[in-house]
Amino acid sequence: MNKLTTAALIAASTVAISAPAAAEQYYGFMDVSVNYLDWTEKTEDRTNPLIGGKGGAKEDFFYLELEGGAGFDWGDVYGFIDLENPGNSRNEGQFSEDAFETDSFRIAAKGSIAANIGKTNWNVYSHIYSLTVAADGFYDQNLVIGGSYDIFTESGFWMKPFLGLHIENQTFSGSGTNGYMAGWVLGYDFQIAEHKFSVNQWHETEFGRKDQFRSNGTEYKLNSVGQNGAVSVWWHMNSNVTAGLQYRYADHKLGTAAYHDALIYTLKYNF
């Protein structure tokens with residue numbers, strides 16, 4: 001990771017660690033998980049470079065994730081670090097014969113912070129997402145700065161929509177503002193018999209994207225609007241173990257100028 005990503009993650013970690021000493025904490029969680037992402041057959045066909053793929057080839061992969069978050073009287077923080085293909089290593093670089101394979105080791109990380117505006121449900125919101133593929137000499141960072149709103153209900157449903165300026169820093173496209181991003185995270189907790197479940201979704205819509213960032217290395221070009229997200233169902237087997245199934249989707253995002261989707265199978269250990 002480059003200096004911008006490292007600094008952002010250190011800053012987010014510092015806030016998460018120091019905040020409880022200075023404010024009232026409402027909740028907190030941390031978990032580690034093993035995940036398997038299985039792209040659909042149509043996605044693999046649409047990204048296959050041998051048959052005119054509309055983006056980089058998509059291959060199934062394992063990843064390990066460390067995730068955590070906390071809520072305080074001043075706002076909330078969230079973050080994760082993913083180690084994708086953790087057992088693989090390549091160092092031939094982007095000009096090697098393996099440059100178009102997607103089974104190299106990758107690090108993906110995200111951190112978000114929402115600070116309350118007075119005693120309202122409005123927040124100053126920001127998140128940063130970074131993907132680094134050292135073997136290919138590739139990185140992509142997406143910073144969003146804007147606002148969000150907290151929605152809570154007595155039924156157990158909650159939602160945080162957000163809107164912000166999108167700033168991107170990428171190996172091949174350079175850096176600068178890249179339109180805007182709107183989206184949300186939401187959840188609903190419920191119980192069947194004595195079994196606890198939850199449903200969650202995160203979604204992002206990028207719009208007003210600049211031509212500078214819409215090339216994906218093929219003859220196809222990403223639209224000015226792109227979609228990205230996942231819907232998940234979780235079975236909380238006990239206080240420490242959670243199993244989940246996620247439907248992962250994207251359209252004119254993740255380097256592919258088409259709709260593509262996958263299933264993610266997850267097993268978490270909750271601390």
# chains A, B, ... in the order shown; residues from 1 in each chain; ligands from 1

call {"tool": "residues_around", "arguments": {"residues": "Ser239 of chain A", "least_positions_apart": "2", "cutoff": "9 Å", "atoms": "only C-alpha atoms", "output": "list in words"}}
result
His236, Met237, Val241, Thr242, Tyr269, Asn270 and Phe271 of chain A

call {"tool": "residues_around", "arguments": {"residues": "Asn123 of chain A", "least_positions_apart": "3", "cutoff": "8 Å", "atoms": "only C-alpha atoms", "output": "list of chain:residue names"}}
result
A:Gly75, A:Ala114, A:Ala115, A:Asn116, A:Ile117, A:Gly147, A:Ser148, A:Tyr149, A:Asp150

call {"tool": "atom_distance", "arguments": {"atom1": "atom CA of Lys221 of chain A", "atom2": "atom CA of Thr47 of chain A"}}
result
13.3 Å

call {"tool": "residues_around", "arguments": {"residues": "segment 124-136 of chain A", "least_positions_apart": "4", "cutoff": "6 Å", "atoms": "only C-alpha atoms", "output": "JSON list (two decimals) with N, CA and C atoms, in the first residue's frame"}}
result
[["chain", "number", "residue", "atom", "x", "y", "z"],
["A", 90, "ARG", "N", 3.30, -14.18, -6.68],
["A", 90, "ARG", "CA", 3.95, -14.02, -7.98],
["A", 90, "ARG", "C", 4.68, -12.68, -7.95],
["A", 91, "ASN", "N", 5.82, -12.60, -8.59],
["A", 91, "ASN", "CA", 6.54, -11.33, -8.63],
["A", 91, "ASN", "C", 7.07, -11.02, -10.03],
["A", 93, "GLY", "N", 5.50, -9.42, -12.39],
["A", 93, "GLY", "CA", 5.16, -8.07, -12.80],
["A", 93, "GLY", "C", 4.14, -8.03, -13.92],
["A", 94, "GLN", "N", 3.71, -6.80, -14.25],
["A", 94, "GLN", "CA", 2.61, -6.61, -15.19],
["A", 94, "GLN", "C", 2.97, -6.95, -16.63],
["A", 106, "ARG", "N", -3.53, -10.43, -3.25],
["A", 106, "ARG", "CA", -4.01, -9.05, -3.27],
["A", 106, "ARG", "C", -4.41, -8.63, -1.86],
["A", 107, "ILE", "N", -4.32, -7.34, -1.61],
["A", 107, "ILE", "CA", -4.79, -6.78, -0.34],
["A", 107, "ILE", "C", -5.86, -5.74, -0.64],
["A", 108, "ALA", "N", -7.04, -5.93, -0.05],
["A", 108, "ALA", "CA", -8.12, -4.95, -0.15],
["A", 108, "ALA", "C", -8.44, -4.46, 1.25],
["A", 109, "ALA", "N", -8.64, -3.15, 1.40],
["A", 109, "ALA", "CA", -8.91, -2.59, 2.73],
["A", 109, "ALA", "C", -9.89, -1.44, 2.60],
["A", 110, "LYS", "N", -10.72, -1.29, 3.62],
["A", 110, "LYS", "CA", -11.68, -0.18, 3.65],
["A", 110, "LYS", "C", -11.81, 0.33, 5.06],
["A", 111, "GLY", "N", -11.94, 1.65, 5.19],
["A", 111, "GLY", "CA", -12.20, 2.28, 6.47],
["A", 111, "GLY", "C", -13.22, 3.37, 6.30],
["A", 112, "SER", "N", -14.17, 3.49, 7.23],
["A", 112, "SER", "CA", -15.18, 4.54, 7.15],
["A", 112, "SER", "C", -15.37, 5.18, 8.51],
["A", 113, "ILE", "N", -15.79, 6.44, 8.49],
["A", 113, "ILE", "CA", -16.06, 7.17, 9.72],
["A", 113, "ILE", "C", -17.24, 8.11, 9.48],
["A", 114, "ALA", "N", -18.16, 8.16, 10.44],
["A", 114, "ALA", "CA", -19.31, 9.06, 10.37],
["A", 114, "ALA", "C", -19.38, 9.81, 11.69],
["A", 115, "ALA", "N", -19.26, 11.13, 11.64],
["A", 115, "ALA", "CA", -19.28, 11.97, 12.84],
["A", 115, "ALA", "C", -20.60, 12.71, 12.91],
["A", 140, "ASP", "N", -5.53, 0.76, -6.70],
["A", 140, "ASP", "CA", -6.69, 1.61, -6.98],
["A", 140, "ASP", "C", -7.27, 2.04, -5.64],
["A", 141, "GLN", "N", -7.37, 3.35, -5.44],
["A", 141, "GLN", "CA", -7.89, 3.89, -4.20],
["A", 141, "GLN", "C", -9.09, 4.78, -4.50],
["A", 142, "ASN", "N", -10.13, 4.64, -3.69],
["A", 142, "ASN", "CA", -11.35, 5.42, -3.86],
["A", 142, "ASN", "C", -11.70, 6.09, -2.54],
["A", 143, "LEU", "N", -11.66, 7.41, -2.54],
["A", 143, "LEU", "CA", -11.98, 8.20, -1.35],
["A", 143, "LEU", "C", -13.30, 8.93, -1.57],
["A", 144, "VAL", "N", -14.20, 8.83, -0.59],
["A", 144, "VAL", "CA", -15.49, 9.52, -0.65],
["A", 144, "VAL", "C", -15.60, 10.44, 0.55],
["A", 145, "ILE", "N", -15.98, 11.69, 0.30],
["A", 145, "ILE", "CA", -16.15, 12.68, 1.36],
["A", 145, "ILE", "C", -17.50, 13.34, 1.18],
["A", 146, "GLY", "N", -18.37, 13.24, 2.19],
["A", 146, "GLY", "CA", -19.70, 13.82, 2.06],
["A", 146, "GLY", "C", -20.48, 13.74, 3.35],
["A", 147, "GLY", "N", -21.73, 13.31, 3.23],
["A", 147, "GLY", "CA", -22.60, 13.24, 4.39],
["A", 147, "GLY", "C", -23.42, 11.96, 4.39],
["A", 148, "SER", "N", -23.96, 11.60, 5.57],
["A", 148, "SER", "CA", -24.81, 10.41, 5.69],
["A", 148, "SER", "C", -25.91, 10.71, 6.69]]

call {"tool": "closest_residue", "arguments": {"among": "A:Val77, A:Leu64, A:Leu254, A:Leu245", "to": "Phe213 of chain A", "atoms": "only C-alpha atoms"}}
result
A:Leu254

call {"tool": "atom_distance", "arguments": {"atom1": "atom CA of His166 of chain A", "atom2": "atom CA of Gly118 of chain A"}}
result
25.0 Å

call {"tool": "residues_around", "arguments": {"residues": "Leu267 of chain A", "least_positions_apart": "2", "cutoff": "6 Å", "atoms": "only C-alpha atoms", "output": "JSON, numbers by chain"}}
result
{"A": [33, 34, 242, 243]}

call {"tool": "write_last_selection", "arguments": {"atoms": "N, CA and C atoms", "output": "PDB file, in the first residue's frame"}}
result
ATOM      1  N   SER A  33     -12.812 -13.991   9.310  1.00  0.00           N
ATOM      2  CA  SER A  33     -13.599 -14.920   8.508  1.00  0.00           C
ATOM      3  C   SER A  33     -12.778 -15.508   7.376  1.00  0.00           C
ATOM      4  N   VAL A  34     -13.220 -16.683   6.933  1.00  0.00           N
ATOM      5  CA  VAL A  34     -12.695 -17.295   5.722  1.00  0.00           C
ATOM      6  C   VAL A  34     -13.824 -17.279   4.704  1.00  0.00           C
ATOM      7  N   THR A 242     -20.647 -17.427  13.032  1.00  0.00           N
ATOM      8  CA  THR A 242     -21.667 -16.959  12.091  1.00  0.00           C
ATOM      9  C   THR A 242     -21.363 -17.508  10.709  1.00  0.00           C
ATOM     10  N   ALA A 243     -22.400 -18.036  10.045  1.00  0.00           N
ATOM     11  CA  ALA A 243     -22.268 -18.514   8.675  1.00  0.00           C
ATOM     12  C   ALA A 243     -23.091 -17.600   7.774  1.00  0.00           C
TER      13      ALA A 243
END

call {"tool": "closest_atom_pairs", "arguments": {"of": "segment 200-268 of chain A", "to": "segment 177-182 of chain A", "cutoff": "10 Å", "atoms": "only C-alpha atoms", "output": "tab-separated table"}}
result
residue	atom	partner	partner_atom	distance
A:His203	CA	A:Ala182	CA	8.3
A:Glu204	CA	A:Ala182	CA	5.8
A:Thr205	CA	A:Ala182	CA	5.2
A:Glu206	CA	A:Met181	CA	4.4
A:Phe207	CA	A:Tyr180	CA	5.5
A:Gly208	CA	A:Gly179	CA	4.4
A:Arg209	CA	A:Gly179	CA	4.6
A:Lys210	CA	A:Asn178	CA	5.5
A:Asp211	CA	A:Asn178	CA	8.9
A:Gln212	CA	A:Asn178	CA	8.3
A:Phe213	CA	A:Asn178	CA	7.3
A:Arg214	CA	A:Asn178	CA	9.7
A:Ser224	CA	A:Gly179	CA	8.7
A:Val225	CA	A:Gly179	CA	9.4
A:Gly226	CA	A:Met181	CA	9.4
A:Gln227	CA	A:Met181	CA	9.7

call {"tool": "select_by_dssp", "arguments": {"residues": "segment 20-166 of chain A", "states": "alpha helix (DSSP H)", "output": "mmCIF file with N, CA, C and O atoms, in the first residue's frame"}}
result
data_model
loop_
_atom_site.group_PDB
_atom_site.id
_atom_site.type_symbol
_atom_site.label_atom_id
_atom_site.label_comp_id
_atom_site.auth_asym_id
_atom_site.auth_seq_id
_atom_site.Cartn_x
_atom_site.Cartn_y
_atom_site.Cartn_z
ATOM 1 N N PRO A 20 -12.944 5.360 22.642
ATOM 2 C CA PRO A 20 -13.636 4.888 23.828
ATOM 3 C C PRO A 20 -13.211 5.588 25.109
ATOM 4 O O PRO A 20 -13.992 5.705 26.045
ATOM 5 N N ALA A 21 -11.956 6.047 25.151
ATOM 6 C CA ALA A 21 -11.466 6.713 26.351
ATOM 7 C C ALA A 21 -12.046 8.114 26.483
ATOM 8 O O ALA A 21 -12.086 8.668 27.577
ATOM 9 N N ALA A 22 -12.510 8.691 25.369
ATOM 10 C CA ALA A 22 -12.974 10.065 25.392
ATOM 11 C C ALA A 22 -14.483 10.173 25.202
ATOM 12 O O ALA A 22 -15.025 11.264 25.274
ATOM 13 N N GLU A 41 -21.073 -18.369 -14.034
ATOM 14 C CA GLU A 41 -20.528 -18.776 -15.336
ATOM 15 C C GLU A 41 -20.625 -17.659 -16.356
ATOM 16 O O GLU A 41 -19.696 -17.439 -17.143
ATOM 17 N N LYS A 42 -21.736 -16.920 -16.341
ATOM 18 C CA LYS A 42 -21.886 -15.836 -17.317
ATOM 19 C C LYS A 42 -20.861 -14.721 -17.077
ATOM 20 O O LYS A 42 -20.391 -14.085 -18.027
ATOM 21 N N THR A 43 -20.496 -14.517 -15.811
ATOM 22 C CA THR A 43 -19.474 -13.513 -15.506
ATOM 23 C C THR A 43 -18.124 -13.944 -16.046
ATOM 24 O O THR A 43 -17.394 -13.141 -16.648
ATOM 25 N N GLU A 44 -17.783 -15.211 -15.854
ATOM 26 C CA GLU A 44 -16.500 -15.709 -16.358
ATOM 27 C C GLU A 44 -16.453 -15.634 -17.882
ATOM 28 O O GLU A 44 -15.406 -15.331 -18.459
ATOM 29 N N ASP A 45 -17.587 -15.881 -18.537
ATOM 30 C CA ASP A 45 -17.636 -15.761 -19.999
ATOM 31 C C ASP A 45 -17.469 -14.310 -20.442
ATOM 32 O O ASP A 45 -16.749 -14.021 -21.409
ATOM 33 N N ARG A 46 -18.147 -13.395 -19.746
ATOM 34 C CA ARG A 46 -18.101 -11.987 -20.140
ATOM 35 C C ARG A 46 -16.731 -11.356 -19.929
ATOM 36 O O ARG A 46 -16.425 -10.326 -20.515
#

call {"tool": "closest_residue", "arguments": {"among": "A:Leu37, A:Ala230, A:Pro86, A:Ile264", "to": "Asp251 of chain A", "atoms": "only C-alpha atoms"}}
result
A:Ala230

call {"tool": "closest_residue", "arguments": {"among": "A:Asn121, A:Asn223, A:Gln25, A:Thr171", "to": "Gly137 of chain A", "atoms": "only C-alpha atoms"}}
result
A:Thr171

call {"tool": "atom_distance", "arguments": {"atom1": "atom CA of Glu84 of chain A", "atom2": "atom CA of Ser104 of chain A"}}
result
8.1 Å

call {"tool": "select_by_dssp", "arguments": {"residues": "segment 21-247 of chain A", "states": "strand (DSSP E)", "output": "PyMOL selection string"}}
result
chain A and resi 25-39+61-72+75-84+106-116+122-133+138-149+151-152+157-170+174-192+195-207+226-236+241-247
